[in-house]
$ cat run-v4.cif   # mmCIF, C-alpha atoms and all ligand atoms
data_model
#
loop_
_atom_site.label_atom_id
_atom_site.label_comp_id
_atom_site.auth_asym_id
_atom_site.auth_seq_id
_atom_site.Cartn_x
_atom_site.Cartn_y
_atom_site.Cartn_z
CA MET H 1 131.66 -35.99 26.55
CA LYS H 2 129.60 -39.06 25.79
CA PRO H 3 131.63 -42.22 25.18
CA PRO H 4 131.77 -42.64 21.37
CA ALA H 5 129.31 -45.25 20.03
CA GLU H 6 132.12 -47.23 18.38
CA THR H 7 133.55 -47.90 21.87
CA PHE H 8 130.74 -50.44 22.36
CA PRO H 9 129.45 -53.48 20.47
CA ALA H 10 126.89 -52.58 17.76
CA ASP H 11 124.54 -55.41 18.79
CA TRP H 12 124.55 -56.31 22.48
CA SER H 13 122.33 -59.36 21.90
CA THR H 14 125.24 -61.16 20.19
CA VAL H 15 127.74 -60.50 22.99
CA ASP H 16 128.99 -63.47 25.05
CA TRP H 17 127.49 -62.63 28.46
CA LYS H 18 130.15 -64.42 30.51
CA ALA H 19 133.10 -62.93 28.64
CA GLU H 20 131.55 -59.46 28.73
CA LEU H 21 131.49 -59.45 32.57
CA LYS H 22 135.28 -59.17 32.48
CA ASN H 23 134.87 -55.79 30.71
CA ASN H 24 132.84 -54.31 33.58
CA ILE H 25 134.13 -51.02 34.92
CA THR H 26 135.37 -51.55 38.48
CA SER H 27 138.16 -48.99 38.94
CA VAL H 28 138.36 -45.22 38.81
CA GLU H 29 141.06 -45.49 36.16
CA GLN H 30 138.76 -47.53 33.88
CA LEU H 31 135.86 -45.14 34.47
CA GLY H 32 138.06 -42.20 33.49
CA GLN H 33 138.50 -43.77 30.05
CA TYR H 34 134.76 -43.34 29.41
CA LEU H 35 133.65 -40.32 31.46
CA PRO H 36 135.40 -37.03 32.25
CA LEU H 37 136.39 -37.03 35.97
CA SER H 38 138.01 -34.22 37.92
CA GLU H 39 140.92 -34.95 40.29
CA ASP H 40 138.58 -34.30 43.28
CA GLU H 41 136.02 -36.73 41.90
CA LYS H 42 138.70 -39.37 41.43
CA ALA H 43 139.85 -38.99 45.05
CA ASP H 44 136.25 -39.27 46.35
CA LEU H 45 135.53 -42.26 44.15
CA ASP H 46 138.53 -44.13 45.54
CA LYS H 47 137.18 -43.66 49.09
CA ILE H 48 133.61 -44.66 48.20
CA ILE H 49 134.62 -47.76 46.31
CA GLU H 50 136.34 -49.04 49.45
CA ALA H 51 132.97 -48.96 51.30
CA HIS H 52 130.79 -50.16 48.43
CA PRO H 53 132.48 -51.45 45.29
CA MET H 54 131.76 -50.11 41.82
CA ASN H 55 130.71 -52.52 39.10
CA ILE H 56 129.22 -51.08 35.89
CA PRO H 57 128.59 -53.17 32.78
CA ARG H 58 129.72 -51.48 29.56
CA TYR H 59 126.16 -51.92 28.26
CA TYR H 60 124.72 -49.78 31.09
CA LEU H 61 127.57 -47.30 30.81
CA SER H 62 126.68 -46.84 27.14
CA LEU H 63 123.27 -45.47 28.23
CA ILE H 64 124.86 -42.62 30.23
CA ASP H 65 124.73 -39.13 28.81
CA GLY H 66 128.33 -38.20 29.62
CA ASP H 67 127.66 -34.48 29.26
CA ALA H 68 125.13 -34.36 32.07
CA THR H 69 126.40 -34.85 35.63
CA GLU H 70 122.73 -34.96 36.70
CA ASP H 71 122.04 -37.82 34.31
CA PRO H 72 119.73 -40.36 36.02
CA ILE H 73 121.49 -43.37 34.48
CA ARG H 74 124.78 -42.05 35.83
CA LYS H 75 123.27 -41.52 39.29
CA LEU H 76 122.12 -45.13 39.41
CA SER H 77 125.51 -46.55 38.48
CA VAL H 78 128.42 -44.16 39.15
CA PRO H 79 129.36 -43.43 42.79
CA THR H 80 129.26 -39.80 43.97
CA ALA H 81 130.65 -38.00 47.00
CA ASP H 82 127.10 -38.07 48.49
CA GLU H 83 127.78 -41.69 49.42
CA LEU H 84 130.36 -40.55 51.93
CA ILE H 85 127.43 -39.22 54.01
CA VAL H 86 126.28 -42.13 56.17
CA ALA H 87 123.28 -40.19 57.57
CA GLY H 88 122.31 -36.68 56.53
CA ALA H 89 119.41 -34.27 56.24
CA MET H 90 116.81 -37.02 55.83
CA GLY H 91 117.64 -38.56 59.24
CA GLU H 92 118.95 -41.78 60.76
CA THR H 93 120.06 -44.69 58.62
CA THR H 94 120.69 -48.39 58.99
CA SER H 95 122.44 -51.03 56.94
CA ASP H 96 119.52 -53.46 57.31
CA PRO H 97 116.26 -51.48 56.86
CA TYR H 98 114.15 -54.49 55.98
CA GLY H 99 115.20 -56.42 59.08
CA ASP H 100 116.60 -59.24 56.92
CA ASP H 101 119.14 -60.34 59.53
CA LYS H 102 116.40 -61.03 62.14
CA HIS H 103 114.61 -63.42 59.80
CA ASP H 104 117.71 -65.27 58.64
CA LYS H 105 117.18 -69.04 59.07
CA GLY H 106 120.65 -69.95 57.77
CA ASN H 107 121.57 -71.37 54.37
CA GLY H 108 120.62 -68.05 52.76
CA ILE H 109 116.93 -68.36 53.77
CA LEU H 110 115.00 -65.35 55.04
CA HIS H 111 111.59 -66.37 56.37
CA LYS H 112 109.73 -63.22 57.41
CA TYR H 113 106.18 -63.85 56.20
CA SER H 114 104.80 -67.34 56.85
CA TYR H 115 103.87 -67.94 53.19
CA THR H 116 107.05 -66.63 51.51
CA ALA H 117 110.64 -67.81 51.77
CA LEU H 118 113.40 -65.70 50.25
CA VAL H 119 116.62 -67.44 49.33
CA VAL H 120 119.73 -65.35 48.79
CA ALA H 121 121.30 -67.39 46.01
CA THR H 122 124.32 -65.21 45.34
CA GLU H 123 125.75 -61.92 46.44
CA TYR H 124 127.07 -61.02 43.00
CA CYS H 125 125.29 -58.61 40.64
CA SER H 126 126.27 -57.53 37.14
CA MET H 127 126.01 -53.96 38.43
CA TYR H 128 126.31 -52.58 41.96
CA CYS H 129 123.44 -50.08 41.97
CA ARG H 130 124.19 -47.02 44.04
CA HIS H 131 120.74 -47.08 45.69
CA CYS H 132 120.80 -50.78 46.67
CA PHE H 133 119.17 -51.57 50.03
CA ARG H 134 121.23 -54.74 50.36
CA LYS H 135 124.33 -52.62 50.04
CA ARG H 136 125.88 -54.29 53.05
CA MET H 137 125.83 -57.63 51.22
CA VAL H 138 126.29 -57.20 47.51
CA GLY H 139 129.80 -57.22 46.22
CA LEU H 140 131.08 -59.46 48.97
CA PRO H 141 132.54 -62.74 47.79
CA ASN H 142 130.51 -65.64 49.14
CA ASP H 143 130.04 -68.98 47.40
CA GLN H 144 128.51 -70.61 50.43
CA THR H 145 124.96 -69.50 49.72
CA VAL H 146 125.06 -71.37 46.42
CA GLN H 147 126.33 -74.53 48.06
CA ASN H 148 123.62 -74.19 50.69
CA PHE H 149 120.73 -74.02 48.25
CA GLN H 150 119.98 -77.73 48.67
CA ALA H 151 119.69 -77.21 52.44
CA ALA H 152 117.45 -74.19 51.80
CA ALA H 153 115.18 -76.38 49.64
CA LYS H 154 114.96 -78.91 52.50
CA TYR H 155 113.84 -76.14 54.88
CA ILE H 156 111.15 -75.07 52.38
CA ALA H 157 110.01 -78.69 51.88
CA ALA H 158 109.66 -79.07 55.67
CA HIS H 159 107.46 -75.94 55.97
CA PRO H 160 104.14 -76.59 54.23
CA GLU H 161 102.94 -73.06 55.06
CA ILE H 162 105.38 -71.71 52.44
CA THR H 163 103.44 -71.19 49.20
CA ASN H 164 106.13 -69.36 47.23
CA VAL H 165 109.87 -68.83 47.06
CA VAL H 166 111.75 -65.73 45.98
CA VAL H 167 115.16 -66.65 44.62
CA SER H 168 117.07 -63.43 45.16
CA GLY H 169 120.49 -62.01 45.79
CA GLY H 170 122.46 -60.29 44.43
CA ASP H 171 121.26 -61.36 41.03
CA PRO H 172 120.50 -65.09 40.56
CA PHE H 173 120.61 -64.78 36.74
CA LEU H 174 124.30 -63.96 36.97
CA LEU H 175 124.92 -67.53 38.10
CA PRO H 176 125.92 -70.05 35.43
CA THR H 177 123.00 -71.78 33.71
CA ASP H 178 123.84 -75.19 35.21
CA VAL H 179 123.77 -73.71 38.73
CA ILE H 180 120.38 -72.08 38.05
CA LYS H 181 119.10 -75.43 36.78
CA ALA H 182 120.32 -77.26 39.90
CA MET H 183 118.76 -74.67 42.20
CA LEU H 184 115.36 -74.56 40.52
CA ASN H 185 115.27 -78.34 40.18
CA ALA H 186 115.64 -78.58 43.97
CA LEU H 187 112.32 -76.70 44.24
CA ARG H 188 110.49 -78.44 41.41
CA ASP H 189 108.92 -81.29 43.39
CA ILE H 190 107.88 -79.43 46.53
CA PRO H 191 104.09 -79.86 46.34
CA HIS H 192 103.04 -76.90 48.50
CA LEU H 193 104.98 -74.37 46.40
CA ASN H 194 102.56 -72.63 44.05
CA TYR H 195 105.18 -70.58 42.27
CA VAL H 196 108.77 -69.38 42.26
CA ARG H 197 109.99 -65.84 41.71
CA ILE H 198 113.46 -65.01 40.44
CA GLY H 199 114.34 -61.43 41.36
CA THR H 200 116.71 -59.84 38.87
CA ARG H 201 117.92 -56.52 37.54
CA ALA H 202 119.73 -58.23 34.64
CA PRO H 203 117.04 -57.38 32.00
CA VAL H 204 117.79 -53.72 32.82
CA VAL H 205 121.53 -53.64 33.34
CA TYR H 206 122.71 -56.82 31.60
CA PRO H 207 120.14 -57.94 28.98
CA MET H 208 122.83 -59.99 27.18
CA ARG H 209 122.19 -62.73 29.75
CA PHE H 210 118.82 -63.62 28.22
CA PHE H 211 120.14 -64.50 24.76
CA ASP H 212 121.43 -67.79 26.20
CA ASP H 213 119.11 -70.34 24.50
CA GLU H 214 119.89 -73.06 27.04
CA LEU H 215 118.70 -70.82 29.90
CA ILE H 216 115.51 -69.78 28.11
CA GLU H 217 114.67 -73.38 27.12
CA PHE H 218 115.14 -74.52 30.72
CA LEU H 219 112.95 -71.72 32.11
CA LYS H 220 110.25 -72.57 29.58
CA GLU H 221 110.28 -76.23 30.51
CA PHE H 222 110.39 -75.54 34.28
CA ASN H 223 107.53 -73.05 34.01
CA ARG H 224 105.29 -75.78 32.58
CA GLU H 225 105.54 -77.62 35.92
CA LYS H 226 105.98 -74.79 38.40
CA THR H 227 104.92 -71.27 37.56
CA LEU H 228 107.79 -68.80 37.32
CA PHE H 229 107.56 -65.05 37.82
CA VAL H 230 110.38 -62.59 37.21
CA PRO H 231 110.27 -59.45 39.35
CA THR H 232 112.62 -56.99 37.67
CA HIS H 233 113.71 -53.46 38.46
CA PHE H 234 113.44 -50.69 35.83
CA ASN H 235 113.68 -47.23 37.43
CA HIS H 236 113.84 -44.91 34.45
CA PRO H 237 112.28 -44.92 30.95
CA ARG H 238 115.72 -44.62 29.34
CA GLU H 239 116.50 -48.09 30.68
CA ILE H 240 113.78 -49.47 28.39
CA THR H 241 116.04 -49.94 25.36
CA PRO H 242 115.34 -52.16 22.32
CA VAL H 243 117.74 -54.84 23.61
CA ALA H 244 116.20 -54.76 27.12
CA ALA H 245 112.75 -55.12 25.50
CA GLN H 246 114.05 -58.10 23.47
CA ALA H 247 115.40 -59.74 26.65
CA VAL H 248 112.02 -59.31 28.33
CA LEU H 249 110.26 -60.69 25.25
CA ARG H 250 112.42 -63.84 25.41
CA LEU H 251 111.28 -64.41 29.00
CA ARG H 252 107.66 -63.78 28.05
CA GLU H 253 107.88 -66.10 25.05
CA ALA H 254 109.11 -68.77 27.47
CA GLY H 255 105.80 -68.24 29.30
CA LEU H 256 107.12 -66.31 32.30
CA THR H 257 105.33 -63.29 33.77
CA VAL H 258 107.53 -60.25 34.26
CA ASN H 259 106.63 -57.70 36.95
CA ASN H 260 108.46 -54.50 37.82
CA GLN H 261 109.57 -53.25 41.23
CA ALA H 262 110.93 -49.72 40.84
CA VAL H 263 112.39 -47.53 43.57
CA PHE H 264 111.29 -43.90 43.89
CA LEU H 265 114.54 -41.92 43.82
CA ARG H 266 115.48 -38.25 44.01
CA GLY H 267 117.02 -37.08 40.75
CA VAL H 268 116.09 -40.29 38.94
CA ASN H 269 112.31 -40.63 38.71
CA ASP H 270 110.89 -38.08 41.19
CA ASP H 271 108.88 -36.19 38.59
CA VAL H 272 105.50 -36.81 37.02
CA ASP H 273 106.59 -37.02 33.36
CA THR H 274 109.34 -39.56 34.10
CA LEU H 275 107.01 -41.79 36.13
CA VAL H 276 104.33 -41.65 33.43
CA GLU H 277 106.86 -42.54 30.74
CA LEU H 278 108.31 -45.34 32.87
CA MET H 279 104.99 -47.02 33.69
CA ASN H 280 103.64 -46.67 30.13
CA GLY H 281 106.95 -47.95 28.72
CA LEU H 282 106.82 -51.02 30.95
CA VAL H 283 103.28 -51.93 29.94
CA ARG H 284 104.21 -51.43 26.29
CA ILE H 285 106.90 -54.14 26.52
CA GLY H 286 104.66 -56.51 28.45
CA ILE H 287 105.83 -55.84 32.01
CA SER H 288 103.29 -55.31 34.75
CA PRO H 289 104.15 -52.39 37.11
CA TYR H 290 103.91 -54.07 40.54
CA TYR H 291 105.62 -51.99 43.24
CA LEU H 292 107.12 -48.53 43.47
CA TYR H 293 109.21 -48.61 46.65
CA GLN H 294 109.88 -45.61 48.80
CA CYS H 295 113.68 -45.39 49.11
CA MET H 296 114.68 -47.04 52.40
CA PRO H 297 116.70 -45.31 55.14
CA VAL H 298 119.90 -47.04 54.08
CA ALA H 299 123.29 -45.67 55.08
CA ARG H 300 125.04 -43.88 52.18
CA VAL H 301 121.75 -43.92 50.19
CA ARG H 302 118.99 -42.11 52.10
CA HIS H 303 120.52 -38.65 52.27
CA HIS H 304 120.67 -38.06 48.53
CA PHE H 305 118.09 -40.48 47.11
CA GLN H 306 115.07 -40.36 49.46
CA VAL H 307 112.15 -38.01 48.72
CA PRO H 308 109.98 -36.81 51.67
CA LEU H 309 106.67 -38.68 51.68
CA LYS H 310 104.55 -35.53 51.56
CA GLU H 311 106.19 -34.49 48.30
CA GLY H 312 106.34 -38.05 46.97
CA ILE H 313 102.64 -38.80 47.45
CA ASP H 314 101.71 -35.71 45.43
CA ILE H 315 104.08 -36.63 42.57
CA ILE H 316 102.80 -40.19 42.41
CA ASP H 317 99.14 -39.19 42.62
CA ALA H 318 99.66 -36.68 39.78
CA ALA H 319 101.30 -39.44 37.69
CA ARG H 320 98.42 -41.84 38.39
CA GLN H 321 95.95 -39.28 37.04
CA ARG H 322 97.61 -39.65 33.64
CA LEU H 323 97.97 -43.45 33.62
CA ASP H 324 95.54 -46.07 32.33
CA GLY H 325 94.40 -48.95 34.48
CA TYR H 326 97.24 -51.37 33.74
CA ALA H 327 99.95 -48.71 33.92
CA LYS H 328 98.79 -47.59 37.38
CA ARG H 329 98.43 -51.04 38.89
CA PHE H 330 101.60 -50.53 40.94
CA LYS H 331 101.42 -50.03 44.70
CA PHE H 332 103.53 -47.31 46.35
CA ILE H 333 105.22 -49.27 49.13
CA LEU H 334 107.24 -48.90 52.30
CA GLY H 335 109.27 -52.09 52.69
CA HIS H 336 109.43 -51.73 56.48
CA ASP H 337 110.91 -53.98 59.12
CA ILE H 338 107.36 -54.63 60.50
CA GLY H 339 106.08 -55.66 57.06
CA LYS H 340 105.04 -54.18 53.74
CA ILE H 341 102.93 -51.04 53.97
CA GLU H 342 101.06 -49.52 51.06
CA ILE H 343 101.05 -45.72 50.93
CA CYS H 344 97.48 -45.22 49.70
CA GLY H 345 97.53 -41.42 49.54
CA ARG H 346 96.83 -38.41 51.71
CA ALA H 347 93.78 -36.81 53.31
CA GLY H 348 94.84 -33.22 53.88
CA ASP H 349 98.13 -33.40 55.77
CA LYS H 350 97.65 -37.00 56.92
CA ALA H 351 99.10 -40.03 55.16
CA ILE H 352 96.75 -42.99 54.76
CA LEU H 353 98.66 -46.25 54.86
CA LYS H 354 97.60 -49.88 54.77
CA GLN H 355 99.78 -52.70 56.00
CA ILE H 356 99.61 -55.57 53.51
CA HIS H 357 102.02 -58.09 55.03
CA ALA H 358 102.88 -58.65 58.69
CA ARG H 359 105.60 -60.56 60.53
CA GLN H 360 104.74 -64.10 61.54
CA ASP H 361 104.45 -63.25 65.25
CA HIS H 362 102.17 -60.24 64.58
CA PRO H 363 99.47 -61.62 62.26
CA GLU H 364 96.96 -59.09 63.63
CA GLU H 365 98.92 -56.31 61.93
CA ALA H 366 98.16 -57.54 58.41
CA SER H 367 95.47 -55.47 56.67
CA ARG H 368 95.41 -52.71 59.29
CA ILE H 369 95.03 -49.06 58.32
CA LEU H 370 97.60 -46.61 59.69
CA VAL H 371 97.23 -42.83 59.73
CA ARG H 372 100.29 -40.62 60.15
CA GLN H 373 100.92 -36.90 60.22
CA LEU H 374 102.86 -35.80 57.14
CA THR H 375 105.79 -33.50 57.77
CA GLU H 376 107.92 -31.48 55.37
CA THR H 377 110.93 -33.77 55.64
CA GLY H 378 109.59 -37.15 56.90
CA GLY H 379 110.64 -39.88 54.47
CA TRP H 380 109.91 -43.03 56.47
CA LEU H 381 107.13 -44.41 58.68
CA ASP H 382 109.11 -43.80 61.87
CA ASP H 383 109.50 -40.09 61.02
CA LEU H 384 105.74 -39.46 60.95
CA PRO H 385 103.78 -38.98 64.23
CA GLU H 386 100.76 -41.26 64.81
CA VAL H 387 97.41 -39.45 64.50
CA GLU H 388 93.71 -40.26 64.17
CA LEU H 389 91.64 -39.51 61.12
S1 LIG H 401 120.98 -55.61 41.08
FE1 LIG H 401 119.62 -55.44 42.88
S2 LIG H 401 120.75 -56.49 44.56
FE2 LIG H 401 122.23 -56.01 42.92
S3 LIG H 401 123.10 -54.03 43.46
FE3 LIG H 401 121.38 -53.63 42.05
S4 LIG H 401 119.63 -53.27 43.42
FE4 LIG H 401 121.23 -54.28 44.67
#

$ encode --input "run-v4.cif" --output "structure tokens" --more "lines below"
Ligand code: SF4
Amino acid sequence: MKPPAETFPADWSTVDWKAELKNNITSVEQLGQYLPLSEDEKADLDKIIEAHPMNIPRYYLSLIDGDATEDPIRKLSVPTADELIVAGAMGETTSDPYGDDKHDKGNGILHKYSYTALVVATEYCSMYCRHCFRKRMVGLPNDQTVQNFQAAAKYIAAHPEITNVVVSGGDPFLLPTDVIKAMLNALRDIPHLNYVRIGTRAPVVYPMRFFDDELIEFLKEFNREKTLFVPTHFNHPREITPVAAQAVLRLREAGLTVNNQAVFLRGVNDDVDTLVELMNGLVRIGISPYYLYQCMPVARVRHHFQVPLKEGIDIIDAARQRLDGYAKRFKFILGHDIGKIEICGRAGDKAILKQIHARQDHPEEASRILVRQLTETGGWLDDLPEVEL
């Protein structure tokens, strides 16, 4: 049973984005009004939501094919009993795979690579994605990071080695426009900052946000002085809807560059046709495919979403063979605690990897080549034995 079309607004671009947030689906009872749920499913959902809350915008829910339990849009948004498994067949898990906590400088600043500062501006998102690697953080109430943004800007101003800032979260675009203005204005006059990135999944799950003229005008004006990039996060071609494309166009017409960081996920985009359609669809609406992340070993995520690297490399290589130059510009990436590692491909049963960013105290690791033995089940760097070529 798919929710009937008349349940939802006919034109999402005219919906008041702030008011619409109150219609998000956060309880099992609400979800049951849109999707058929068995009594067992309802009991599981109650348990899961305690560990990681549910938050689904009606817009995103309207994209679900209610008849298909294996629907990728449903997998990305609706909790399943798989989330009760903290660690499973794919191996050990952690709640902090990227080592964020070690690089926390206070005031919401994570300073892992010398040239990049990441500021966690909010822990709220319009949707709580089931595969989120910051699962331990999102959904927790915390206004302090917003109040601390001025202090974060002072830290950045005092560190001339920082060339760029990632304003992240949670989803910074879910903050009110005046808060976004105040935050970006605090970065505007820092001379050593070449550009600012605003990481967001709102174009995908909450495109209504970008029909706010005041926001778009501000971004346009700010971008004239300090270049703005928007890394976004489309995972499946069905997320590329006309209204999402319109939202992206509004950002592009304001002069911003939009890049995509997808996550490679079992049951969502782990097949060649889906990846080809996703990357081609992104380029068609003016988004540059930038990263395709290997799913991290996150508790309650890894077991059901991670694809072994041996299998994954083959799927991605087969997709690349069908993609033109712009559509295959993305890098297949392990966002590891030691730094970002590109998965270049395989030579026989060995994975060829190249580290592209290193921690500040290990600069010698940047640009090194790593060779690892592929195994049938290994899904993360630490699972694969070191070998020589
Ligand atoms: S929008 Fe991003 S930070 Fe928020 S839940 Fe989804 S993946 Fe996590």

$ closest_residue --input "run-v4.cif" --among "H:Leu175, H:Met127, H:Ile190, H:Val167" --to "ligand LIG 401 (chain H)" --atoms "all atoms listed in the file"
H:Met127

$ residues_around --input "run-v4.cif" --residues "Arg252 of chain H" --least-positions-apart "6" --cutoff "10 Å" --atoms "only C-alpha atoms" --output "PyMOL selection string"
chain H and resi 216+220+229-230+246+258+285-287

$ residues_near_ligand --input "run-v4.cif" --ligand "ligand LIG 401 (chain H)" --cutoff "9 Å" --atoms "all atoms listed in the file" --output "PyMOL selection string"
chain H and resi 55+76-77+123-135+137-139+168-171+199-202+205+232-233

$ closest_residue --input "run-v4.cif" --among "H:Lys18, H:Arg359, H:His159, H:Arg250" --to "Gly339 of chain H" --atoms "all atoms listed in the file"
H:Arg359

$ residues_near_point --input "run-v4.cif" --point "(104.3, -44.1, 44.2)" --cutoff "9 Å" --atoms "only C-alpha atoms" --output "PyMOL selection string"
chain H and resi 263-264+275+291-294+312-317+319-320+330-333+343-344

$ atom_distance --input "run-v4.cif" --atom1 "atom CA of Pro203 of chain H" --atom2 "atom CA of Leu215 of chain H"
13.7 Å

$ atom_distance --input "run-v4.cif" --atom1 "atom CA of Ala244 of chain H" --atom2 "atom CA of Arg209 of chain H"
10.3 Å

$ atom_distance --input "run-v4.cif" --atom1 "atom CA of Gly66 of chain H" --atom2 "atom CA of Phe8 of chain H"
14.4 Å

$ closest_residue --input "run-v4.cif" --among "H:Gln33, H:Asn235, H:Asn185, H:Thr375" --to "Lys75 of chain H" --atoms "all atoms listed in the file"
H:Asn235

$ closest_residue --input "run-v4.cif" --among "H:Gln360, H:Asn23, H:Thr14, H:Thr241" --to "Ser114 of chain H" --atoms "all atoms listed in the file"
H:Gln360

$ closest_residue --input "run-v4.cif" --among "H:Pro79, H:Gly108, H:Pro160, H:Pro237" --to "Met54 of chain H" --atoms "only C-alpha atoms"
H:Pro79

$ closest_residue --input "run-v4.cif" --among "H:Glu365, H:Glu161, H:Asp44, H:Asp383" --to "Pro191 of chain H" --atoms "only C-alpha atoms"
H:Glu161

$ residues_near_point --input "run-v4.cif" --point "(106.8, -54.4, 55.0)" --cutoff "12 Å" --atoms "all atoms listed in the file" --output "JSON, numbers by chain"
{"H": [97, 98, 99, 100, 112, 113, 293, 294, 296, 332, 333, 334, 335, 336, 337, 338, 339, 340, 341, 342, 343, 353, 354, 355, 356, 357, 358, 359, 360, 365, 366, 367, 380, 381]}

$ axis_aligned_box --input "run-v4.cif" --around "segment 131-134 of chain H" --padding-each-side "6 Å" --output "lines of an AutoDock Vina configuration file"
center_x = 120.2
center_y = -50.9
center_z = 48.0
size_x = 14.1
size_y = 19.7
size_z = 16.7

$ residues_around --input "run-v4.cif" --residues "Arg74 of chain H" --least-positions-apart "4" --cutoff "9 Å" --atoms "only C-alpha atoms" --output "number ranges by chain"
H: 61, 63-66, 68-70, 78-79

$ residues_around --input "run-v4.cif" --residues "Val387 of chain H" --least-positions-apart "2" --cutoff "8 Å" --atoms "only C-alpha atoms" --output "NGL selection string"
:H and (350 or 371-373 or 385 or 389)

$ decode --input "run-v4.cif" --residues "segment 228-245 of chain H" --atoms "N, CA and C atoms" --output "CSV table (one decimal), in the first residue's frame"
chain,number,residue,atom,x,y,z
H,228,LEU,N,31.5,29.6,-1.8
H,228,LEU,CA,30.7,28.6,-1.1
H,228,LEU,C,30.5,27.3,-1.9
H,229,PHE,N,30.7,26.2,-1.3
H,229,PHE,CA,30.5,24.9,-1.9
H,229,PHE,C,29.4,24.2,-1.0
H,230,VAL,N,28.6,23.4,-1.7
H,230,VAL,CA,27.6,22.6,-1.0
H,230,VAL,C,27.8,21.2,-1.3
H,231,PRO,N,28.4,20.4,-0.3
H,231,PRO,CA,28.5,19.0,-0.5
H,231,PRO,C,27.1,18.4,0.0
H,232,THR,N,26.5,17.7,-0.9
H,232,THR,CA,25.2,17.1,-0.6
H,232,THR,C,25.3,15.6,-0.7
H,233,HIS,N,24.2,14.9,-0.5
H,233,HIS,CA,24.2,13.5,-0.2
H,233,HIS,C,23.1,12.7,-0.8
H,234,PHE,N,23.1,12.6,-2.2
H,234,PHE,CA,22.1,11.7,-2.9
H,234,PHE,C,22.7,10.3,-2.9
H,235,ASN,N,21.9,9.3,-2.6
H,235,ASN,CA,22.3,7.9,-2.6
H,235,ASN,C,21.6,7.1,-3.6
H,236,HIS,N,20.5,7.5,-4.1
H,236,HIS,CA,19.7,6.7,-5.0
H,236,HIS,C,19.1,7.6,-6.1
H,237,PRO,N,19.0,7.1,-7.4
H,237,PRO,CA,18.5,8.0,-8.4
H,237,PRO,C,17.0,8.4,-8.2
H,238,ARG,N,16.2,7.6,-7.4
H,238,ARG,CA,14.9,8.0,-7.1
H,238,ARG,C,14.8,9.2,-6.2
H,239,GLU,N,15.9,9.6,-5.6
H,239,GLU,CA,15.9,10.8,-4.8
H,239,GLU,C,16.0,12.1,-5.7
H,240,ILE,N,16.4,11.9,-6.9
H,240,ILE,CA,16.6,13.0,-7.8
H,240,ILE,C,15.2,13.3,-8.4
H,241,THR,N,14.4,14.0,-7.7
H,241,THR,CA,13.0,14.3,-8.1
H,241,THR,C,13.0,15.7,-8.7
H,242,PRO,N,11.9,16.1,-9.4
H,242,PRO,CA,11.9,17.5,-10.0
H,242,PRO,C,12.0,18.5,-8.9
H,243,VAL,N,11.5,18.4,-7.7
H,243,VAL,CA,11.6,19.4,-6.7
H,243,VAL,C,13.0,19.5,-6.1
H,244,ALA,N,13.6,18.3,-6.0
H,244,ALA,CA,15.0,18.3,-5.5
H,244,ALA,C,15.9,19.0,-6.6
H,245,ALA,N,15.7,18.7,-7.9
H,245,ALA,CA,16.4,19.3,-8.9
H,245,ALA,C,16.3,20.9,-8.9
